[in-house]
Amino acid sequence: MHDDRRLTEARLDRFVRERLDRALYRKSLPLTVTAWDVPDEPVPFAEAIGQDYQAVQQGESWGAPWSTKWLHVTGEVPATFGEPGGRIEVVAELGYSNEMPGFQCEGIAWRKDGSIAKALSPLNKYVSLEQLSGSEEPDRSIDFYIEAAANPDVAQGWTFQPNPIGDKATAGSEPLYKLGSIAIAELDETVWELKQDIWTLSGLMHELPMELPRRHEILRALERMLDVMDPDDVAGTAQAGREALVQVLSQPAYASAHRVVATGHAHIDSAWLWPVRETIRKCARTFSNVIALMDEHPDFVFSCSSAQQLSWIKEFYPELFERIKVKVAAGQFVPVGGMWVESDTNMPGSEAMARQFLEGKSFFRREFGVDCKEAWLPDSFGYSGALPQIVASAGIDYFLTQKISWNQVNVMPHHTFLWEGIDGSRVFTHFPPVDTYNSELSGRELAHAQSNYREKGNSNISLVPFGWGDGGGGPTREMVAAAHRTAALEGSPAVQLGSAKSFFEQAQAEYPAPPVWLGEMYLELHRGTYTSQANTKKGNRRSEHLLREAELWAATATVRKGALYPAAELKRLWQLVLLQQFHDILPGSSIAWVHQDAERNYAAIATELEAIITASMKVLVGEGDTVLSFNATPHERSGVPALAAAPEVTSDSPVQVTEVNGGYVLDNAIVRAVIDGNGQITSLMDYATGREAIAPGGVGNRLELHRDTPNAWDAWDIDEFYRRNVTDCTEAHSVTLERAGWDAVVVVERLIGASPLTQRISLAAGSPSLSIVNQIDWQESQKLLKLGFELDVRADRSASETQFGHVFRPTHTNTSWEAAKFEICAHRWIHVGEAGYGVAVSNGSSYGHDVTRAVRDSDGGTTTSVRLSLLRAPKSPDPHSDQGEHELTVTIRPGAAIADAVEEGYRTNLAPRTIAGAEPVEPLFSVFNAALVIEAVKLAEDGSGDLIVRLYESLGERSTGLLKACFPVLSVQATDLLEEAIEAPTGVVLGSDSVELMLRPFQLVTLRFKR
């Protein structure tokens, strides 16, 4: 029996490969093709068609990396084409190098009127006569254009070997592709349908257990089909072949079969192994395919995330955008996610994460009248514990993730569950058991979804997103055919085409009391993304804080002085920052071109925001000689109130500096630090507690260089074994005192491998923290640089800042879940402590950290080591990643509570600004409890002139306080993130110009003050 089965399967495979595939098209005839090569960057259709086109032949080489070739295709449909059961199509073989759609050349077919017909890719090579004409009754003349993009396979067959092709300057000029046949052809629809029958049944058969009769029924049916087929007359016997399969295809699914809602999808990375400019074209290709498929299949539904991508279509392809709007209205093209892009969620700051939903949902509402109710993040590299509150505050009911299926060690215990965030908010969440967001609805995938589903007995429905992503064209007609065949097929899950929302509504009704997952969903992979491409991360961090300052001071200038609020400029800059928080840009996992663009964008963003800030400050203070300090932090600083400007109150005494054994002691009567002759911190004491922060025999400012050769995914991964190979960079070339006085600076020069490093260790008068500014010319390859502090603290957990709060993580490794978190993400600060004492370490742009415990040799007690990951040097996808100059700031604050850590994070990232003027600036808002942190002050999005203030409880405890407006107010409203009025949450009591706050831990509140 088993040998017979294998023989049948081999016979079937050969029949499909050698007979059926070759019979799909009854006849074909080459068309006339001329071509024009775009000299540099892509050009619009109107410009391209006016060029001088030259004859081109099949087999000609074309396409230097990143180039574009326009093809003009003309001809007539022969009279012999168009027999019953046939479909006339143009089949374009652009020279595809493999069957990996989205990772090689791609094309788009343009009609003569400048509208798009559809795209062309390795698994979607056709465009029908009706699609070319835009009419159900086309004429028989062929005259259209193909915009062919020579995108290189940067991944090199998914091996990710280092290569220069991801940088346009080094990609070379050798052609990558050979032009294939471009012909008019007649598809035999019966043969095509037979192929889909076979594909579905064969796939199902291979997934059924050997002992099930159903498997053998399908096998025998396929044998009968092969027996009735004439290999020399496939077209003539295809109908008989289909009839031999009718019985097994018509047997309905069991009542207990797993139910699948299949929603069309195309995960298009907004930049990755291609630049943003190519993503725009990938979106046009995919969305035009989707529209064409919807025209033929009214039941086909496509879920489309990322407002940014649809905004590009509106700007660059307005005709296609209007067609999308029609399909949105029809319920076939469904915007999902409610975000500007599918962003990273580990590293974006609090306000940036909120703005992802503000900008995304606002765009979908404005352009389509759609209010997204599901957050859609299948591919982000882990999910912040703050997200449930943020999505709930944006009016979103559901959350979808997929990437957790990539975990290296631990398996997520649920597929449908309530996800509880750090503040207690819960969101109904689904993690599709199909374990892919690029399904083709194969038998293997559907069977895996059914067997893998972990809610059996409680629920029986899951979601499957299907379609080729990244410019691969999205869903195909073959996938829709598979969905139709598996709608009710014995042995298979029952597939229903539908939207994500329809799935969530069914799932929630079926499973009203699902289990709860508390806190972050940490991805046990891609931990290197907290560190790769340091300049991109620094640009993001700086942009977030510049936007805070620009909005704050511009709003203050509007209220205090009647200045014009630059709403349009701020929105545009916010959207650009949000784009660059996409989950392959901010994480540093894109080609060089992408990060070069990002750094140019960040420089331009900084220039514009600095101009807005300066202009606002000048308006606020007027002409005068008084030196005023602008404090944009939410805490008082050097005598300057939060969110205000006033003369600084300086310390009474300078920093005392003593030279000892080639090193220095820095003492400002708040903190005392001892720096040894190698520039390491051997003692750090705060006078308030009198306690030593550095562990006995340990040091701070320890630099360690690790070998960094992950098993795969260079820019993405740090694997735990990096710790086994380390070089202590203890020796300093020099340790000198640069200056002493109101601040003391010790300069340490050393060599890290082949990379010169200068550290400026400084203590300012009145400062509770020691600052270390690292300037390095990084020249390493596949190395990881860590900066650590060995602390005399017994901490069984660490606290790391995340959006609108912090998350605790164990420092021990009791279970595999804790052991897997050997590299963690923190925003501006990380804190370790024991009862009554702690230490805070803050940073200016570093996100990767690790916290470990060690036993003291002296008495067996435990100490805690906190380390920051400063720099990496991965070789792929950017072989020169992070090479060159960097400046990275770190501070350490002994005797710090969580509240001090919060303050220190803002202090490190928001330096005061000084300007000469006539008068101080009162804050627009005051809060009478430092635990309640104002995160944003801005004018309302609707142009009403109302003031929006967003604040949160920052300490993870019940906190009360009064928020008071320091300007005339007509009324106060509570709002959601979209600034729409909601009922005031419990603990928020609205007054006439103030709000009493009794907030739960980490609670987020947005308020509108009407002027």
# chains A, B, ... in the order shown; residues from 1 in each chain; ligands from 1

call {"tool": "residues_around", "arguments": {"residues": "segment 109-119 of chain A", "least_positions_apart": "5", "cutoff": "9 Å", "atoms": "only C-alpha atoms", "output": "MDAnalysis selection string"}}
result
chainID A and resid 45:46 49 124:128 131:134 143:148 284:292 317 319:320 473

call {"tool": "write_last_selection", "arguments": {"atoms": "C-alpha atoms", "output": "compact mmCIF listing (two decimals), in the first residue's frame"}}
result
# COMPACT_ATOMS: atom_id res chain seq x y z
CA PHE A 45 3.90 57.49 -16.53
CA ALA A 46 3.32 60.78 -18.33
CA ILE A 49 5.57 57.45 -22.52
CA ASN A 124 1.21 36.51 -11.15
CA LYS A 125 2.53 36.95 -14.68
CA TYR A 126 -0.68 37.64 -16.56
CA VAL A 127 -2.94 40.55 -17.38
CA SER A 128 -6.24 39.80 -19.09
CA GLN A 131 -7.99 44.25 -17.42
CA LEU A 132 -5.88 45.89 -20.13
CA SER A 133 -8.87 47.69 -21.60
CA GLY A 134 -10.72 48.37 -18.36
CA ASP A 143 -1.30 48.62 -26.70
CA PHE A 144 0.02 49.11 -23.17
CA TYR A 145 3.17 49.78 -21.15
CA ILE A 146 5.05 47.80 -18.54
CA GLU A 147 7.06 49.63 -15.89
CA ALA A 148 9.67 46.98 -15.00
CA ALA A 284 0.74 50.42 -6.28
CA ARG A 285 1.50 47.03 -7.80
CA THR A 286 -0.12 45.07 -5.00
CA PHE A 287 -3.21 47.23 -4.60
CA SER A 288 -3.87 47.23 -8.34
CA ASN A 289 -3.73 43.42 -8.30
CA VAL A 290 -6.14 43.36 -5.40
CA ILE A 291 -8.62 45.63 -7.16
CA ALA A 292 -8.46 43.48 -10.28
CA TYR A 317 -1.43 57.23 -7.93
CA GLU A 319 -6.62 57.22 -10.10
CA LEU A 320 -5.85 53.97 -8.26
CA GLY A 473 1.41 40.98 -5.60

call {"tool": "select_by_dssp", "arguments": {"residues": "segment 277-484 of chain A", "states": "helix (DSSP H, G or I)", "output": "count of residues only"}}
result
90

call {"tool": "residues_around", "arguments": {"residues": "segment 410-416 of chain A", "least_positions_apart": "2", "cutoff": "7 Å", "atoms": "only C-alpha atoms", "output": "ChimeraX atom specification"}}
result
/A:407-408,429-433,453-455,514,817

call {"tool": "write_last_selection", "arguments": {"atoms": "N, CA and C atoms", "output": "PDB file, in the first residue's frame"}}
result
ATOM      1  N   ASN A 407       9.340  32.627  18.227  1.00  0.00           N
ATOM      2  CA  ASN A 407      10.103  32.434  19.464  1.00  0.00           C
ATOM      3  C   ASN A 407      11.097  31.285  19.341  1.00  0.00           C
ATOM      4  N   GLN A 408      12.293  31.505  19.876  1.00  0.00           N
ATOM      5  CA  GLN A 408      13.331  30.478  19.808  1.00  0.00           C
ATOM      6  C   GLN A 408      13.108  29.346  20.798  1.00  0.00           C
ATOM      7  N   THR A 429      -7.367  39.595  21.886  1.00  0.00           N
ATOM      8  CA  THR A 429      -6.177  39.418  21.036  1.00  0.00           C
ATOM      9  C   THR A 429      -6.188  38.058  20.362  1.00  0.00           C
ATOM     10  N   HIS A 430      -5.708  38.027  19.125  1.00  0.00           N
ATOM     11  CA  HIS A 430      -5.588  36.766  18.388  1.00  0.00           C
ATOM     12  C   HIS A 430      -4.198  36.629  17.810  1.00  0.00           C
ATOM     13  N   PHE A 431      -3.679  35.422  17.934  1.00  0.00           N
ATOM     14  CA  PHE A 431      -2.367  35.040  17.422  1.00  0.00           C
ATOM     15  C   PHE A 431      -2.622  33.855  16.490  1.00  0.00           C
ATOM     16  N   PRO A 432      -2.772  34.091  15.178  1.00  0.00           N
ATOM     17  CA  PRO A 432      -3.228  33.042  14.269  1.00  0.00           C
ATOM     18  C   PRO A 432      -2.379  31.773  14.333  1.00  0.00           C
ATOM     19  N   PRO A 433      -2.999  30.632  14.542  1.00  0.00           N
ATOM     20  CA  PRO A 433      -2.236  29.380  14.657  1.00  0.00           C
ATOM     21  C   PRO A 433      -1.639  28.909  13.346  1.00  0.00           C
ATOM     22  N   TYR A 453      -3.878  24.919  16.887  1.00  0.00           N
ATOM     23  CA  TYR A 453      -4.765  25.815  17.641  1.00  0.00           C
ATOM     24  C   TYR A 453      -4.875  25.368  19.101  1.00  0.00           C
ATOM     25  N   ARG A 454      -4.592  26.281  20.024  1.00  0.00           N
ATOM     26  CA  ARG A 454      -4.473  25.905  21.437  1.00  0.00           C
ATOM     27  C   ARG A 454      -5.740  26.140  22.251  1.00  0.00           C
ATOM     28  N   GLU A 455      -6.793  26.580  21.594  1.00  0.00           N
ATOM     29  CA  GLU A 455      -8.020  26.840  22.349  1.00  0.00           C
ATOM     30  C   GLU A 455      -9.057  25.742  22.140  1.00  0.00           C
ATOM     31  N   PRO A 514     -11.983  34.315  27.597  1.00  0.00           N
ATOM     32  CA  PRO A 514     -10.696  33.693  27.241  1.00  0.00           C
ATOM     33  C   PRO A 514      -9.672  33.903  28.356  1.00  0.00           C
ATOM     34  N   TRP A 817      11.512  31.007  30.389  1.00  0.00           N
ATOM     35  CA  TRP A 817      10.957  32.304  29.985  1.00  0.00           C
ATOM     36  C   TRP A 817      11.868  33.443  30.425  1.00  0.00           C
TER      37      TRP A 817
END

call {"tool": "closest_residue", "arguments": {"among": "A:Ser28, A:Thr914, A:Thr689, A:Thr986", "to": "Glu648 of chain A", "atoms": "only C-alpha atoms"}}
result
A:Thr914

call {"tool": "residues_around", "arguments": {"residues": "Phe368 of chain A", "least_positions_apart": "2", "cutoff": "10 Å", "atoms": "only C-alpha atoms", "output": "number ranges by chain"}}
result
A: 324-326, 328-329, 334-335, 362-366, 370-371

call {"tool": "write_last_selection", "arguments": {"atoms": "C-alpha atoms", "output": "mmCIF file, in the first residue's frame"}}
result
data_model
loop_
_atom_site.group_PDB
_atom_site.id
_atom_site.type_symbol
_atom_site.label_atom_id
_atom_site.label_comp_id
_atom_site.auth_asym_id
_atom_site.auth_seq_id
_atom_site.Cartn_x
_atom_site.Cartn_y
_atom_site.Cartn_z
ATOM 1 C CA ILE A 324 -9.661 51.755 -3.812
ATOM 2 C CA LYS A 325 -12.235 54.096 -2.260
ATOM 3 C CA VAL A 326 -14.960 52.391 -4.297
ATOM 4 C CA VAL A 328 -13.700 50.261 0.548
ATOM 5 C CA ALA A 329 -17.290 51.429 0.247
ATOM 6 C CA VAL A 334 -10.836 46.919 4.339
ATOM 7 C CA PRO A 335 -8.445 49.295 6.113
ATOM 8 C CA SER A 362 -7.625 59.917 11.482
ATOM 9 C CA PHE A 363 -6.496 59.182 7.907
ATOM 10 C CA PHE A 364 -8.791 56.160 7.559
ATOM 11 C CA ARG A 365 -11.736 58.125 8.931
ATOM 12 C CA ARG A 366 -11.071 61.164 6.781
ATOM 13 C CA VAL A 370 -13.746 53.824 8.300
ATOM 14 C CA ASP A 371 -13.159 53.548 12.045
#

call {"tool": "residues_around", "arguments": {"residues": "segment 756-759 of chain A", "least_positions_apart": "2", "cutoff": "10 Å", "atoms": "only C-alpha atoms", "output": "PyMOL selection string"}}
result
chain A and resi 679+701+732+734-735+745-754+761-762+771-779+885-889

call {"tool": "atom_distance", "arguments": {"atom1": "atom CA of Asn929 of chain A", "atom2": "atom CA of Gly961 of chain A"}}
result
5.3 Å

call {"tool": "select_by_dssp", "arguments": {"residues": "segment 406-540 of chain A", "states": "strand (DSSP E)", "output": "PyMOL selection string"}}
result
chain A and resi 416-420+426-430+461-466+494-497+516-518

call {"tool": "closest_residue", "arguments": {"among": "A:Pro923, A:Gly180, A:Pro587, A:Gly203", "to": "Glu9 of chain A", "atoms": "only C-alpha atoms"}}
result
A:Gly203

call {"tool": "residues_around", "arguments": {"residues": "segment 156-159 of chain A", "least_positions_apart": "6", "cutoff": "9 Å", "atoms": "only C-alpha atoms", "output": "PyMOL selection string"}}
result
chain A and resi 98+100+103+712-713

call {"tool": "atom_distance", "arguments": {"atom1": "atom CA of Trp406 of chain A", "atom2": "atom CA of Gln803 of chain A"}}
result
24.0 Å

call {"tool": "closest_atom_pairs", "arguments": {"of": "segment 291-323 of chain A", "to": "segment 483-496 of chain A", "cutoff": "12 Å", "atoms": "only C-alpha atoms", "output": "tab-separated table"}}
result
residue	atom	partner	partner_atom	distance
A:His297	CA	A:His484	CA	10.6
A:Asp299	CA	A:Gln496	CA	9.6
A:Phe300	CA	A:Ala483	CA	9.6
A:Val301	CA	A:Gln496	CA	10.3

call {"tool": "write_last_selection", "arguments": {"atoms": "C-alpha atoms", "output": "PDB file, in the first residue's frame"}}
result
ATOM      1  CA  HIS A 297     -14.573  37.812  -7.121  1.00  0.00           C
ATOM      2  CA  ASP A 299     -16.696  37.703  -2.124  1.00  0.00           C
ATOM      3  CA  PHE A 300     -12.948  38.387  -1.922  1.00  0.00           C
ATOM      4  CA  VAL A 301     -11.977  40.641   1.008  1.00  0.00           C
TER       5      VAL A 301
END

call {"tool": "atom_distance", "arguments": {"atom1": "atom CA of Glu351 of chain A", "atom2": "atom CA of His806 of chain A"}}
result
14.5 Å

call {"tool": "closest_residue", "arguments": {"among": "A:Asp167, A:Glu217, A:Glu524, A:Asp197", "to": "Ser816 of chain A", "atoms": "only C-alpha atoms"}}
result
A:Glu524

call {"tool": "closest_residue", "arguments": {"among": "A:Lys403, A:Pro78, A:His258, A:Ser303", "to": "Asn458 of chain A", "atoms": "only C-alpha atoms"}}
result
A:His258

call {"tool": "decode", "arguments": {"residues": "segment 6-101 of chain A", "atoms": "C-alpha atoms", "output": "tab-separated table (two decimals), in the first residue's frame"}}
result
chain	number	residue	atom	x	y	z
A	6	ARG	CA	4.40	6.80	-3.34
A	7	LEU	CA	4.22	5.65	-6.94
A	8	THR	CA	0.90	7.45	-7.42
A	9	GLU	CA	2.25	10.62	-5.89
A	10	ALA	CA	5.31	10.54	-8.12
A	11	ARG	CA	3.07	9.96	-11.14
A	12	LEU	CA	0.86	12.89	-10.13
A	13	ASP	CA	3.78	15.26	-9.60
A	14	ARG	CA	5.21	14.46	-13.01
A	15	PHE	CA	1.84	14.76	-14.71
A	16	VAL	CA	1.28	18.24	-13.26
A	17	ARG	CA	4.82	19.37	-14.01
A	18	GLU	CA	5.21	18.00	-17.52
A	19	ARG	CA	1.66	17.86	-18.88
A	20	LEU	CA	-0.81	19.98	-16.99
A	21	ASP	CA	1.34	23.10	-16.56
A	22	ARG	CA	2.30	23.04	-20.23
A	23	ALA	CA	-1.36	22.80	-21.26
A	24	LEU	CA	-2.56	25.79	-19.25
A	25	TYR	CA	-2.34	28.00	-22.33
A	26	ARG	CA	-3.81	26.60	-25.52
A	27	LYS	CA	-1.85	28.89	-27.79
A	28	SER	CA	0.34	31.97	-27.63
A	29	LEU	CA	1.83	34.52	-30.00
A	30	PRO	CA	4.70	36.94	-29.29
A	31	LEU	CA	3.84	40.62	-29.18
A	32	THR	CA	5.93	43.56	-30.40
A	33	VAL	CA	8.03	45.06	-27.62
A	34	THR	CA	10.06	48.26	-27.56
A	35	ALA	CA	11.88	49.67	-24.55
A	36	TRP	CA	13.28	52.76	-22.85
A	37	ASP	CA	15.71	52.67	-19.94
A	38	VAL	CA	15.19	55.28	-17.23
A	39	PRO	CA	18.57	56.95	-16.71
A	40	ASP	CA	18.27	57.26	-12.91
A	41	GLU	CA	15.35	57.29	-10.47
A	42	PRO	CA	11.82	56.22	-11.55
A	43	VAL	CA	9.69	58.71	-13.49
A	44	PRO	CA	5.90	59.13	-13.76
A	45	PHE	CA	3.90	57.49	-16.53
A	46	ALA	CA	3.32	60.78	-18.33
A	47	GLU	CA	7.06	61.36	-18.61
A	48	ALA	CA	7.89	57.78	-19.53
A	49	ILE	CA	5.57	57.45	-22.52
A	50	GLY	CA	7.07	60.48	-24.23
A	51	GLN	CA	10.52	58.92	-24.53
A	52	ASP	CA	12.26	57.35	-27.51
A	53	TYR	CA	11.56	53.59	-27.39
A	54	GLN	CA	13.87	51.14	-29.17
A	55	ALA	CA	13.29	47.57	-30.29
A	56	VAL	CA	14.14	44.90	-27.72
A	57	GLN	CA	14.37	41.15	-28.14
A	58	GLN	CA	13.61	38.20	-25.94
A	59	GLY	CA	16.76	37.08	-24.14
A	60	GLU	CA	18.30	40.53	-23.89
A	61	SER	CA	19.92	41.41	-20.57
A	62	TRP	CA	18.40	44.28	-18.70
A	63	GLY	CA	18.23	45.89	-15.32
A	64	ALA	CA	21.18	47.21	-13.39
A	65	PRO	CA	20.33	47.06	-9.68
A	66	TRP	CA	17.54	49.49	-8.74
A	67	SER	CA	17.01	50.62	-12.35
A	68	THR	CA	13.73	50.85	-14.24
A	69	LYS	CA	12.94	49.78	-17.80
A	70	TRP	CA	9.73	50.81	-19.57
A	71	LEU	CA	8.36	48.38	-22.18
A	72	HIS	CA	5.82	49.34	-24.83
A	73	VAL	CA	3.82	46.26	-25.83
A	74	THR	CA	1.66	46.27	-28.98
A	75	GLY	CA	-0.11	43.78	-31.22
A	76	GLU	CA	-3.44	42.32	-32.29
A	77	VAL	CA	-5.37	39.37	-30.88
A	78	PRO	CA	-5.52	36.76	-33.66
A	79	ALA	CA	-8.95	35.74	-34.90
A	80	THR	CA	-8.26	32.20	-33.75
A	81	PHE	CA	-8.09	33.32	-30.11
A	82	GLY	CA	-11.26	33.41	-28.02
A	83	GLU	CA	-12.72	29.92	-28.24
A	84	PRO	CA	-15.28	28.86	-25.60
A	85	GLY	CA	-13.69	28.12	-22.22
A	86	GLY	CA	-10.70	30.28	-23.03
A	87	ARG	CA	-9.48	33.51	-21.48
A	88	ILE	CA	-7.27	35.84	-23.48
A	89	GLU	CA	-4.30	37.16	-21.49
A	90	VAL	CA	-0.93	38.74	-22.00
A	91	VAL	CA	1.72	36.70	-20.22
A	92	ALA	CA	4.89	38.62	-19.44
A	93	GLU	CA	8.08	36.84	-18.47
A	94	LEU	CA	10.24	39.71	-17.28
A	95	GLY	CA	13.13	37.41	-16.46
A	96	TYR	CA	12.18	36.35	-12.96
A	97	SER	CA	15.16	34.73	-11.31
A	98	ASN	CA	13.19	32.50	-8.93
A	99	GLU	CA	9.74	32.00	-7.48
A	100	MET	CA	10.21	34.41	-4.58
A	101	PRO	CA	7.77	37.20	-5.38
